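To start, the structure under review is shown below, and the notes come after it.
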Amino acid sequence: MAASGEWPLIVIGGGAAGVFAAIHFAGDSGAPVLLLEAGSRLLQKVSISGGGRCNLTNAEPDRRRFAAAYPRGEASMRSWLRRFSARDLCRWFEGRGIALKTEVDGRIFPLSDSSQTVIDALQSALVEEAVELRLRSAVQSIAAGNNGYLVQLRNGTALHTAQLIVATGGGRTAAAWASAMGIAVQPLTPSLFSFQIDDPELRSLSGLSAPAALSLPQFNLKARGALLITHRGLSGPAVLRLSAFGARHLQRCGYRARLQIDLAPDSGEQELRARLLELRQSSGGRSLLSIWPTPSARRLREYVWHRSETPLDLRCSQITAAQQTSLIRNIKHMQVQINGKGPFKEEFVCAGGVDLAALDRRWPESLQHPGLYFAGEALDIDGLTGGYNLQAAWTTGYLCAQAAAQRQGSAAKVN
């Protein structure tokens, strides 16, 4: 136990990054550590990850491809994953008796399909490593002090620590603290959101999905995957990926942009023209709907035909050159107007935070303030869906702990 108000390390934030950092610092250094959480319980975001099943990480084996799933932070994550990878994380949980499973899309979950399994393992590790936990302990401010950092709680308690890890999530708190201490931050920006489309006819198809390639030509951004039509507009993996990589572009333009949709991503225009010509010659009496190259709901095809101003009852032998051009253009290059983003409650990730250029390349330690670390969503790192954001939390929390333990060991030798 540390002396009253004096700690070798304080960790602020009881999410995945903060808890993981506290566990590993205590285990590696043997020194006391205090974990402060403003809420009434730990790991609240972990509890709802993956729909309550906890998508721990992703099974992508290639480190470069793994790092490419981070629209912001790719270079840092590529380096840091060498030190603590998804495989290392799986070994850690399996070493604590947690069976894991990998689903066909690469997402890794506990075999129990319950986030409580993960939470129980982490809480047990906190107890085993004798981490002191204080819930309902909101921090008012942090400041550099003599030989360490001053942490002022909202209840009036003042604490001093030789080292400090800030892991308060993706809100404004960590960014405000860092900025007040002269550390560069990137503006906070919503990421992973759906697109609002003011097209009642399109929104009437809510629930339908189709493979698609999407692009925002004005930003030179592209994404491919399943496209889901919702009662507000468009969502699904392709939209979420595009919104993540275009997060700052879209924020700057007020979430108003032209979206181009390719509903036949595996077929070129010439292939579609050749298919139509073949049908005209061999089966001219067939409906034009039969030229669609991929399985899709009839209602979606009818919507495209309507946009092309092509009668639904038209036969292949009856189509004019102008109608053919319009039809293929709408299959391959349909344009819709984005009029906004999905409401905030749908967003699980926020881009922005402490600028990575202000940190040591080896680990997330401030260059200006040695012994001050930032982990998880406090950093300007955000990933796509699929376990990447939690992996960033585990990796950065682990590296903060390693750096703090190393500094603690050096200080102990000097003393």
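As shown in the structure tokens, the chain order sets the letters A, B, ...; within each chain, residues go from 1, and ligands are also counted from 1 in the order they appear.
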Show me a table, sorted first by chain and then by increasing residue number, of the residues of segment 305-362 of chain A having an atom at most 7 Å from segment 180-197 of chain A, each with its shortest atom pair and the distance in Å to one decimal, counting only C-alpha atoms and written as CSV.
residue,atom,partner,partner_atom,distance
A:Gln337,CA,A:Ile197,CA,6.3
A:Ile338,CA,A:Ile197,CA,5.3
A:Asn339,CA,A:Gln196,CA,5.5
A:Gly340,CA,A:Gln196,CA,4.9
A:Lys341,CA,A:Phe195,CA,4.7
A:Gly342,CA,A:Ser194,CA,4.8
A:Glu346,CA,A:Phe193,CA,6.7
A:Glu347,CA,A:Phe193,CA,5.7
A:Val349,CA,A:Ser191,CA,5.6
A:Cys350,CA,A:Pro190,CA,4.7
A:Ala351,CA,A:Thr189,CA,4.9
A:Gly352,CA,A:Leu188,CA,4.3
A:Gly353,CA,A:Gln186,CA,5.2
A:Val354,CA,A:Val185,CA,4.3
A:Asp355,CA,A:Val185,CA,4.6
A:Ala358,CA,A:Ala184,CA,6.2
Close residues, Ser115 of chain A itself excluded, 6 Å, only C-alpha atoms, min 3 positions apart in chain, as a list in words = Ser47, Gly52, Arg53, Cys54 and Val118 of chain A
Restricting the output to N, CA and C atoms, write the selected residues as an mmCIF file, in the first residue's frame.
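Contents of the output file selection.cif:
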data_model
loop_
_atom_site.group_PDB
_atom_site.id
_atom_site.type_symbol
_atom_site.label_atom_id
_atom_site.label_comp_id
_atom_site.auth_asym_id
_atom_site.auth_seq_id
_atom_site.Cartn_x
_atom_site.Cartn_y
_atom_site.Cartn_z
ATOM 1 N N SER A 47 -18.627 -4.388 -21.681
ATOM 2 C CA SER A 47 -19.843 -5.176 -21.443
ATOM 3 C C SER A 47 -20.793 -5.152 -22.628
ATOM 4 N N GLY A 52 -22.793 -7.418 -26.602
ATOM 5 C CA GLY A 52 -22.800 -8.101 -25.312
ATOM 6 C C GLY A 52 -21.990 -9.379 -25.291
ATOM 7 N N ARG A 53 -21.415 -9.745 -26.444
ATOM 8 C CA ARG A 53 -20.596 -10.969 -26.507
ATOM 9 C C ARG A 53 -19.112 -10.662 -26.354
ATOM 10 N N CYS A 54 -18.725 -9.396 -26.500
ATOM 11 C CA CYS A 54 -17.351 -8.914 -26.374
ATOM 12 C C CYS A 54 -16.448 -9.406 -27.505
ATOM 13 N N VAL A 118 -15.191 -12.113 -19.881
ATOM 14 C CA VAL A 118 -14.007 -11.264 -20.012
ATOM 15 C C VAL A 118 -13.881 -10.349 -18.804
#
Tell me which protein, DNA and RNA residues are within 7 Å of Ala167 of chain A, counting only C-alpha atoms, leaving out same-chain ones fewer than 4 positions away, and put them as a PyMOL selection string.
-> chain A and resi 12-13+17-18+374-376+378
Just list the residues in segment 38-101 of chain A DSSP gives helix (DSSP H, G or I) on the backbone, as a PyMOL selection string.
-> chain A and resi 44-52+63-67+74-80+86-95
Take atom CA of Leu399 of chain A and atom CA of Trp92 of chain A and report the distance between them in Å, one decimal.
->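 For atom CA of Leu399 of chain A relative to atom CA of Trp92 of chain A, the distance reads 14.6 Å.
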Would you kindly return, as a list of chain:residue names, each protein, DNA or RNA residue with an atom no farther than 12 Å from any atom of Ser114 of chain A, considering only C-alpha atoms and excluding same-chain residues fewer than 4 positions away?
-> A:Val46, A:Ser47, A:Ile48, A:Ser49, A:Gly50, A:Gly51, A:Gly52, A:Arg53, A:Cys54, A:Asn55, A:Leu56, A:Ile98, A:Ala99, A:Leu100, A:Lys101, A:Phe109, A:Pro110, A:Val118, A:Ile119, A:Asp120, A:Ala121
Selection: 10 Å around segment 362-373 of chain A, only C-alpha atoms, excl. self and same-chain fewer than 5 positions, as a compact mmCIF listing (two decimals) with N, CA, C and O atoms, in the first residue's frame:
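Output (part33.txt):
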# COMPACT_ATOMS: atom_id res chain seq x y z
N LEU A 9 2.17 4.90 -9.28
CA LEU A 9 1.41 5.04 -10.52
C LEU A 9 -0.07 5.17 -10.20
O LEU A 9 -0.61 4.45 -9.37
N VAL A 11 -3.70 5.22 -12.45
CA VAL A 11 -4.35 5.02 -13.75
C VAL A 11 -5.74 5.64 -13.66
O VAL A 11 -6.51 5.30 -12.76
N SER A 76 1.61 3.84 -36.06
CA SER A 76 1.93 3.53 -34.66
C SER A 76 1.48 2.12 -34.30
O SER A 76 2.22 1.38 -33.64
N SER A 79 3.74 -0.63 -35.53
CA SER A 79 4.92 -0.79 -34.68
C SER A 79 4.56 -1.42 -33.34
O SER A 79 5.21 -2.37 -32.87
N TRP A 80 3.52 -0.92 -32.71
CA TRP A 80 3.17 -1.36 -31.36
C TRP A 80 2.63 -2.78 -31.32
O TRP A 80 2.77 -3.47 -30.31
N ARG A 83 4.89 -5.50 -30.28
CA ARG A 83 5.15 -5.66 -28.84
C ARG A 83 4.00 -6.35 -28.12
O ARG A 83 4.21 -7.04 -27.13
N ALA A 144 1.27 18.75 -13.90
CA ALA A 144 2.64 18.34 -13.59
C ALA A 144 3.06 18.98 -12.28
O ALA A 144 2.79 20.16 -12.03
N ASN A 147 8.49 16.16 -9.23
CA ASN A 147 8.79 14.73 -9.31
C ASN A 147 7.54 13.88 -9.58
O ASN A 147 7.38 12.79 -9.03
N GLY A 148 6.64 14.40 -10.41
CA GLY A 148 5.46 13.60 -10.74
C GLY A 148 4.28 14.44 -11.14
O GLY A 148 4.45 15.54 -11.72
N TYR A 149 3.10 13.96 -10.77
CA TYR A 149 1.86 14.59 -11.23
C TYR A 149 0.86 14.71 -10.10
O TYR A 149 0.78 13.84 -9.22
N THR A 161 1.36 11.36 -7.75
CA THR A 161 1.87 10.11 -8.31
C THR A 161 3.14 10.37 -9.09
O THR A 161 3.28 11.42 -9.74
N ALA A 162 4.06 9.43 -9.02
CA ALA A 162 5.30 9.57 -9.78
C ALA A 162 5.02 9.45 -11.28
O ALA A 162 5.66 10.11 -12.10
N GLN A 163 4.06 8.58 -11.64
CA GLN A 163 3.70 8.39 -13.03
C GLN A 163 2.18 8.32 -13.15
O GLN A 163 1.48 7.95 -12.18
N LEU A 164 1.68 8.64 -14.36
CA LEU A 164 0.24 8.74 -14.56
C LEU A 164 -0.15 8.20 -15.93
O LEU A 164 0.47 8.56 -16.94
N ILE A 165 -1.16 7.34 -15.94
CA ILE A 165 -1.72 6.83 -17.20
C ILE A 165 -3.14 7.37 -17.32
O ILE A 165 -3.97 7.16 -16.44
N VAL A 166 -3.42 8.06 -18.42
CA VAL A 166 -4.76 8.59 -18.69
C VAL A 166 -5.43 7.69 -19.71
O VAL A 166 -4.97 7.57 -20.85
N ALA A 167 -6.53 7.06 -19.30
CA ALA A 167 -7.26 6.14 -20.17
C ALA A 167 -8.76 6.38 -19.99
O ALA A 167 -9.52 5.48 -19.65
N ALA A 178 -4.76 17.15 -21.78
CA ALA A 178 -3.52 17.17 -22.56
C ALA A 178 -3.26 18.56 -23.12
O ALA A 178 -2.14 19.08 -23.04
N MET A 181 -1.87 21.01 -20.77
CA MET A 181 -0.48 20.78 -20.41
C MET A 181 0.45 21.01 -21.59
O MET A 181 1.64 20.66 -21.55
N GLY A 182 -0.10 21.58 -22.67
CA GLY A 182 0.72 21.91 -23.82
C GLY A 182 0.97 20.77 -24.78
O GLY A 182 1.84 20.86 -25.65
N ILE A 183 0.21 19.68 -24.64
CA ILE A 183 0.36 18.52 -25.52
C ILE A 183 -0.61 18.67 -26.69
O ILE A 183 -1.80 18.94 -26.50
N ALA A 184 -0.12 18.46 -27.90
CA ALA A 184 -0.95 18.62 -29.09
C ALA A 184 -2.06 17.56 -29.13
O ALA A 184 -1.84 16.39 -28.78
N VAL A 354 -5.23 12.70 -28.26
CA VAL A 354 -3.82 13.10 -28.15
C VAL A 354 -3.08 12.76 -29.44
O VAL A 354 -3.13 11.63 -29.94
N ASP A 355 -2.42 13.76 -29.99
CA ASP A 355 -1.70 13.61 -31.25
C ASP A 355 -0.53 12.63 -31.07
O ASP A 355 0.29 12.79 -30.16
N LEU A 356 -0.46 11.63 -31.94
CA LEU A 356 0.59 10.62 -31.80
C LEU A 356 1.98 11.20 -32.02
O LEU A 356 2.97 10.65 -31.52
N ALA A 357 2.06 12.32 -32.74
CA ALA A 357 3.36 12.96 -32.95
C ALA A 357 3.92 13.56 -31.66
O ALA A 357 5.11 13.87 -31.59
N ALA A 378 -8.21 7.69 -25.62
CA ALA A 378 -7.65 9.00 -25.34
C ALA A 378 -6.67 9.42 -26.44
O ALA A 378 -6.40 10.60 -26.61
N LEU A 379 -6.18 8.43 -27.20
CA LEU A 379 -5.25 8.67 -28.29
C LEU A 379 -5.99 8.89 -29.60
O LEU A 379 -7.12 8.44 -29.78
N THR A 395 -3.48 -3.12 -26.48
CA THR A 395 -2.08 -2.90 -26.85
C THR A 395 -1.52 -1.65 -26.21
O THR A 395 -0.43 -1.66 -25.62
N THR A 396 -2.25 -0.53 -26.29
CA THR A 396 -1.72 0.71 -25.72
C THR A 396 -1.70 0.66 -24.20
O THR A 396 -0.77 1.20 -23.57
N GLY A 397 -2.69 0.02 -23.59
CA GLY A 397 -2.67 -0.13 -22.14
C GLY A 397 -1.46 -0.95 -21.69
O GLY A 397 -0.77 -0.59 -20.72
N TYR A 398 -1.20 -2.04 -22.40
CA TYR A 398 -0.05 -2.89 -22.09
C TYR A 398 1.27 -2.12 -22.22
O TYR A 398 2.14 -2.19 -21.34
N LEU A 399 1.41 -1.35 -23.33
CA LEU A 399 2.66 -0.63 -23.56
C LEU A 399 2.88 0.48 -22.52
O LEU A 399 4.01 0.72 -22.09
N CYS A 400 1.80 1.15 -22.13
CA CYS A 400 1.92 2.15 -21.06
C CYS A 400 2.43 1.50 -19.78
O CYS A 400 3.31 2.04 -19.08
N ALA A 401 1.88 0.33 -19.47
CA ALA A 401 2.29 -0.39 -18.26
C ALA A 401 3.76 -0.81 -18.34
O ALA A 401 4.51 -0.69 -17.35
N GLN A 402 4.18 -1.30 -19.51
CA GLN A 402 5.56 -1.70 -19.69
C GLN A 402 6.52 -0.53 -19.51
O GLN A 402 7.55 -0.64 -18.83
N ALA A 403 6.17 0.60 -20.11
CA ALA A 403 7.02 1.78 -19.99
C ALA A 403 7.09 2.27 -18.55
O ALA A 403 8.16 2.62 -18.04
N ALA A 404 5.93 2.29 -17.88
CA ALA A 404 5.89 2.75 -16.49
C ALA A 404 6.66 1.81 -15.58
O ALA A 404 7.35 2.24 -14.64
N ARG A 407 10.38 2.42 -16.06
CA ARG A 407 10.79 3.65 -15.39
C ARG A 407 10.80 3.46 -13.87
O ARG A 407 11.69 3.96 -13.16
N GLN A 408 9.82 2.71 -13.36
CA GLN A 408 9.76 2.41 -11.93
C GLN A 408 10.97 1.62 -11.48
O GLN A 408 11.59 1.89 -10.44
Considering only C-alpha atoms, return as a CSV table (one decimal) with all heavy atoms, in the first residue's frame whatever protein or nucleic-acid residues lie within 8 Å of segment 226-243 of chain A, sequence-local ones (same chain, fewer than 4 positions apart) excluded.
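The file below, selection-v6.csv, is the result:
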chain,number,residue,atom,x,y,z
A,191,SER,N,-16.9,8.8,-35.8
A,191,SER,CA,-16.5,7.8,-36.8
A,191,SER,C,-17.4,6.6,-36.7
A,191,SER,O,-18.2,6.5,-35.8
A,191,SER,CB,-15.0,7.3,-36.5
A,191,SER,OG,-14.6,6.5,-37.5
A,192,LEU,N,-17.4,5.8,-37.8
A,192,LEU,CA,-18.3,4.6,-37.8
A,192,LEU,C,-19.7,5.0,-37.7
A,192,LEU,O,-20.4,4.5,-36.7
A,192,LEU,CB,-17.9,3.6,-36.8
A,192,LEU,CG,-16.5,2.9,-36.9
A,192,LEU,CD1,-16.2,2.0,-35.7
A,192,LEU,CD2,-16.3,2.2,-38.2
A,193,PHE,N,-20.2,5.7,-38.6
A,193,PHE,CA,-21.6,6.2,-38.6
A,193,PHE,C,-22.3,5.8,-39.9
A,193,PHE,O,-21.7,5.6,-40.9
A,193,PHE,CB,-21.8,7.7,-38.2
A,193,PHE,CG,-20.9,8.5,-39.1
A,193,PHE,CD1,-21.3,8.9,-40.4
A,193,PHE,CD2,-19.7,9.0,-38.6
A,193,PHE,CE1,-20.5,9.7,-41.2
A,193,PHE,CE2,-18.9,9.8,-39.4
A,193,PHE,CZ,-19.3,10.2,-40.7
A,194,SER,N,-23.7,5.8,-39.8
A,194,SER,CA,-24.5,5.6,-41.0
A,194,SER,C,-24.7,6.9,-41.7
A,194,SER,O,-24.4,8.0,-41.2
A,194,SER,CB,-25.8,4.9,-40.6
A,194,SER,OG,-26.5,5.7,-39.7
A,195,PHE,N,-25.2,6.8,-43.0
A,195,PHE,CA,-25.5,8.0,-43.8
A,195,PHE,C,-27.0,8.2,-43.9
A,195,PHE,O,-27.8,7.3,-44.1
A,195,PHE,CB,-25.0,7.8,-45.2
A,195,PHE,CG,-23.5,7.7,-45.3
A,195,PHE,CD1,-22.9,7.0,-46.4
A,195,PHE,CD2,-22.6,8.2,-44.4
A,195,PHE,CE1,-21.5,6.9,-46.6
A,195,PHE,CE2,-21.3,8.1,-44.5
A,195,PHE,CZ,-20.7,7.5,-45.6
A,196,GLN,N,-27.4,9.4,-43.6
A,196,GLN,CA,-28.8,9.8,-43.8
A,196,GLN,C,-29.0,10.2,-45.3
A,196,GLN,O,-28.2,11.0,-45.9
A,196,GLN,CB,-29.2,11.0,-42.9
A,196,GLN,CG,-29.3,10.6,-41.5
A,196,GLN,CD,-29.8,11.7,-40.6
A,196,GLN,OE1,-30.0,12.8,-41.1
A,196,GLN,NE2,-30.0,11.5,-39.3
A,197,ILE,N,-30.0,9.6,-45.9
A,197,ILE,CA,-30.3,9.9,-47.3
A,197,ILE,C,-31.8,10.3,-47.4
A,197,ILE,O,-32.7,9.6,-47.0
A,197,ILE,CB,-30.1,8.6,-48.2
A,197,ILE,CG1,-28.7,8.0,-48.0
A,197,ILE,CG2,-30.3,9.0,-49.7
A,197,ILE,CD1,-27.6,8.8,-48.4
A,198,ASP,N,-32.0,11.5,-47.9
A,198,ASP,CA,-33.4,12.0,-48.0
A,198,ASP,C,-34.0,11.5,-49.3
A,198,ASP,O,-34.3,12.3,-50.3
A,198,ASP,CB,-33.4,13.5,-48.0
A,198,ASP,CG,-33.1,14.1,-46.6
A,198,ASP,OD1,-33.2,13.3,-45.6
A,198,ASP,OD2,-32.7,15.2,-46.5
A,199,ASP,N,-34.3,10.2,-49.4
A,199,ASP,CA,-34.9,9.6,-50.6
A,199,ASP,C,-36.0,8.6,-50.0
A,199,ASP,O,-35.6,7.5,-49.7
A,199,ASP,CB,-33.9,8.9,-51.4
A,199,ASP,CG,-34.5,8.2,-52.7
A,199,ASP,OD1,-35.7,8.0,-52.7
A,199,ASP,OD2,-33.7,7.9,-53.6
A,202,LEU,N,-36.0,5.1,-51.6
A,202,LEU,CA,-34.9,4.3,-51.1
A,202,LEU,C,-35.1,3.8,-49.7
A,202,LEU,O,-35.0,2.6,-49.4
A,202,LEU,CB,-33.6,5.0,-51.2
A,202,LEU,CG,-32.3,4.3,-50.7
A,202,LEU,CD1,-32.1,3.1,-51.6
A,202,LEU,CD2,-31.1,5.2,-50.7
A,203,ARG,N,-35.5,4.7,-48.8
A,203,ARG,CA,-35.7,4.3,-47.4
A,203,ARG,C,-36.9,3.3,-47.2
A,203,ARG,O,-36.9,2.6,-46.3
A,203,ARG,CB,-35.9,5.5,-46.5
A,203,ARG,CG,-34.7,6.5,-46.5
A,203,ARG,CD,-34.8,7.4,-45.3
A,203,ARG,NE,-36.0,8.1,-45.2
A,203,ARG,CZ,-36.3,9.3,-45.6
A,203,ARG,NH1,-35.3,10.0,-46.2
A,203,ARG,NH2,-37.5,9.9,-45.4
A,204,SER,N,-37.8,3.3,-48.2
A,204,SER,CA,-38.9,2.3,-48.1
A,204,SER,C,-38.4,0.9,-48.3
A,204,SER,O,-39.1,-0.1,-48.0
A,204,SER,CB,-39.9,2.6,-49.2
A,204,SER,OG,-39.5,2.3,-50.5
A,205,LEU,N,-37.2,0.7,-48.8
A,205,LEU,CA,-36.6,-0.6,-48.9
A,205,LEU,C,-35.8,-1.0,-47.7
A,205,LEU,O,-35.0,-2.0,-47.7
A,205,LEU,CB,-35.6,-0.6,-50.1
A,205,LEU,CG,-36.2,-0.1,-51.5
A,205,LEU,CD1,-35.1,-0.1,-52.5
A,205,LEU,CD2,-37.3,-1.0,-51.9
A,206,SER,N,-36.1,-0.4,-46.5
A,206,SER,CA,-35.4,-0.6,-45.3
A,206,SER,C,-35.3,-2.1,-45.0
A,206,SER,O,-36.3,-2.8,-45.1
A,206,SER,CB,-36.0,0.1,-44.1
A,206,SER,OG,-35.4,-0.2,-42.9
A,207,GLY,N,-34.1,-2.6,-44.6
A,207,GLY,CA,-33.9,-4.0,-44.3
A,207,GLY,C,-33.2,-4.8,-45.4
A,207,GLY,O,-32.7,-5.9,-45.2
A,208,LEU,N,-33.2,-4.3,-46.6
A,208,LEU,CA,-32.6,-4.9,-47.8
A,208,LEU,C,-31.1,-4.7,-47.7
A,208,LEU,O,-30.6,-3.6,-47.3
A,208,LEU,CB,-33.2,-4.5,-49.1
A,208,LEU,CG,-34.7,-4.7,-49.4
A,208,LEU,CD1,-35.0,-4.3,-50.8
A,208,LEU,CD2,-35.0,-6.2,-49.2
A,209,SER,N,-30.3,-5.7,-48.2
A,209,SER,CA,-28.9,-5.5,-48.3
A,209,SER,C,-28.4,-6.1,-49.6
A,209,SER,O,-29.1,-6.9,-50.2
A,209,SER,CB,-28.2,-6.2,-47.1
A,209,SER,OG,-28.3,-7.6,-47.2
A,210,ALA,N,-27.2,-5.6,-50.0
A,210,ALA,CA,-26.6,-6.1,-51.3
A,210,ALA,C,-25.1,-5.8,-51.2
A,210,ALA,O,-24.7,-4.9,-50.6
A,210,ALA,CB,-27.3,-5.3,-52.4
A,211,PRO,N,-24.4,-6.6,-51.9
A,211,PRO,CA,-22.9,-6.3,-52.1
A,211,PRO,C,-22.7,-5.1,-52.9
A,211,PRO,O,-23.5,-4.8,-53.9
A,211,PRO,CB,-22.4,-7.5,-52.8
A,211,PRO,CG,-23.5,-8.1,-53.5
A,211,PRO,CD,-24.7,-7.8,-52.7
A,212,ALA,N,-21.8,-4.2,-52.5
A,212,ALA,CA,-21.6,-3.0,-53.2
A,212,ALA,C,-20.2,-2.4,-53.0
A,212,ALA,O,-19.5,-2.8,-52.1
A,212,ALA,CB,-22.6,-1.9,-52.7
A,213,ALA,N,-19.8,-1.6,-54.0
A,213,ALA,CA,-18.6,-0.8,-53.9
A,213,ALA,C,-19.0,0.7,-53.8
A,213,ALA,O,-19.7,1.1,-54.7
A,213,ALA,CB,-17.7,-1.1,-55.1
A,214,LEU,N,-18.5,1.3,-52.8
A,214,LEU,CA,-18.9,2.7,-52.5
A,214,LEU,C,-17.7,3.7,-52.7
A,214,LEU,O,-16.6,3.2,-52.5
A,214,LEU,CB,-19.5,2.9,-51.1
A,214,LEU,CG,-20.6,2.0,-50.6
A,214,LEU,CD1,-21.0,2.3,-49.2
A,214,LEU,CD2,-21.8,2.0,-51.6
A,215,SER,N,-18.0,4.9,-53.1
A,215,SER,CA,-16.9,5.9,-53.2
A,215,SER,C,-17.5,7.3,-52.9
A,215,SER,O,-18.6,7.6,-53.1
A,215,SER,CB,-16.3,5.8,-54.6
A,215,SER,OG,-17.2,6.2,-55.6
A,221,LEU,N,-12.0,8.5,-51.8
A,221,LEU,CA,-12.2,7.4,-50.9
A,221,LEU,C,-13.1,6.3,-51.4
A,221,LEU,O,-14.1,6.6,-52.1
A,221,LEU,CB,-12.7,7.9,-49.5
A,221,LEU,CG,-11.8,8.9,-48.8
A,221,LEU,CD1,-12.6,9.4,-47.6
A,221,LEU,CD2,-10.6,8.1,-48.3
A,222,LYS,N,-12.7,5.1,-51.2
A,222,LYS,CA,-13.5,3.9,-51.6
A,222,LYS,C,-13.7,2.9,-50.5
A,222,LYS,O,-12.8,2.8,-49.6
A,222,LYS,CB,-12.9,3.3,-52.9
A,222,LYS,CG,-12.7,4.2,-54.1
A,222,LYS,CD,-12.1,3.5,-55.2
A,222,LYS,CE,-11.9,4.5,-56.4
A,222,LYS,NZ,-11.2,3.8,-57.6
A,247,ALA,N,-14.0,10.3,-42.0
A,247,ALA,CA,-14.6,11.0,-40.9
A,247,ALA,C,-14.3,12.5,-40.9
A,247,ALA,O,-15.2,13.3,-40.7
A,247,ALA,CB,-14.1,10.3,-39.6
A,250,LEU,N,-15.9,14.3,-44.0
A,250,LEU,CA,-17.3,14.5,-43.9
A,250,LEU,C,-17.7,15.5,-42.8
A,250,LEU,O,-18.7,16.2,-43.0
A,250,LEU,CB,-17.9,13.1,-43.6
A,250,LEU,CG,-17.9,12.2,-44.8
A,250,LEU,CD1,-18.2,10.7,-44.4
A,250,LEU,CD2,-18.9,12.6,-45.9
A,342,GLY,N,-25.8,9.3,-39.1
A,342,GLY,CA,-26.7,8.7,-38.1
A,342,GLY,C,-26.6,9.4,-36.8
A,342,GLY,O,-25.6,10.0,-36.5
A,384,LEU,N,-11.6,0.1,-37.5
A,384,LEU,CA,-12.9,-0.3,-38.0
A,384,LEU,C,-13.6,-1.3,-37.1
A,384,LEU,O,-13.0,-1.7,-36.1
A,384,LEU,CB,-12.6,-1.0,-39.4
A,384,LEU,CG,-11.9,-0.2,-40.4
A,384,LEU,CD1,-11.6,-1.0,-41.7
A,384,LEU,CD2,-12.7,1.0,-40.8
Using DSSP on the backbone, list every residue of segment 3-88 of chain A that comes out as strand (DSSP E or B), and give them as a list in words.
-> Glu6, Trp7, Pro8, Leu9, Ile10, Val11, Ile12, Val33, Leu34, Leu35, Leu36, Thr57, Asn58 and Arg72 of chain A
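All residues of protein, DNA or RNA that reach within 12 Å of Glu103 of chain A, judged by only C-alpha atoms and not counting those fewer than 4 positions away in the chain, are Asn55, Leu56, Thr57, Asn58, Ala59, Glu60, Arg107, Ile108, Phe109, Pro110, Leu111, Asp113, Gly386 and Gly387 of chain A.
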Restrict the selected residues to C-alpha atoms and save them as a compact mmCIF listing (two decimals), in the first residue's frame.
# COMPACT_ATOMS: atom_id res chain seq x y z
CA ASN A 55 -15.49 -8.87 -29.67
CA LEU A 56 -12.03 -9.07 -28.07
CA THR A 57 -9.90 -8.69 -31.19
CA ASN A 58 -9.49 -9.92 -34.76
CA ALA A 59 -7.75 -12.99 -36.13
CA GLU A 60 -6.07 -11.21 -39.07
CA ARG A 107 -13.80 -11.64 -35.10
CA ILE A 108 -12.66 -13.32 -31.88
CA PHE A 109 -15.09 -13.82 -28.97
CA PRO A 110 -15.07 -15.76 -25.70
CA LEU A 111 -16.54 -19.21 -26.28
CA ASP A 113 -20.53 -15.57 -25.99
CA GLY A 386 -14.28 -6.25 -35.98
CA GLY A 387 -12.32 -6.09 -32.73
Counting only C-alpha atoms, figure out which residue out of A:Asp262, A:Ala69, A:Arg91, A:Pro61 gets nearest to Gly106 of chain A.
-> A:Pro61
Restricting the calculation to only C-alpha atoms, which member of A:Ala223, A:Phe84, A:Met334, A:Val304 is positioned closest to Gln260 of chain A?
->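 That would be A:Met334, the residue with the smallest distance to Gln260 of chain A.
When atom CA of Gly15 of chain A is paired with atom CA of Trp394 of chain A, their separation reads 10.0 Å.
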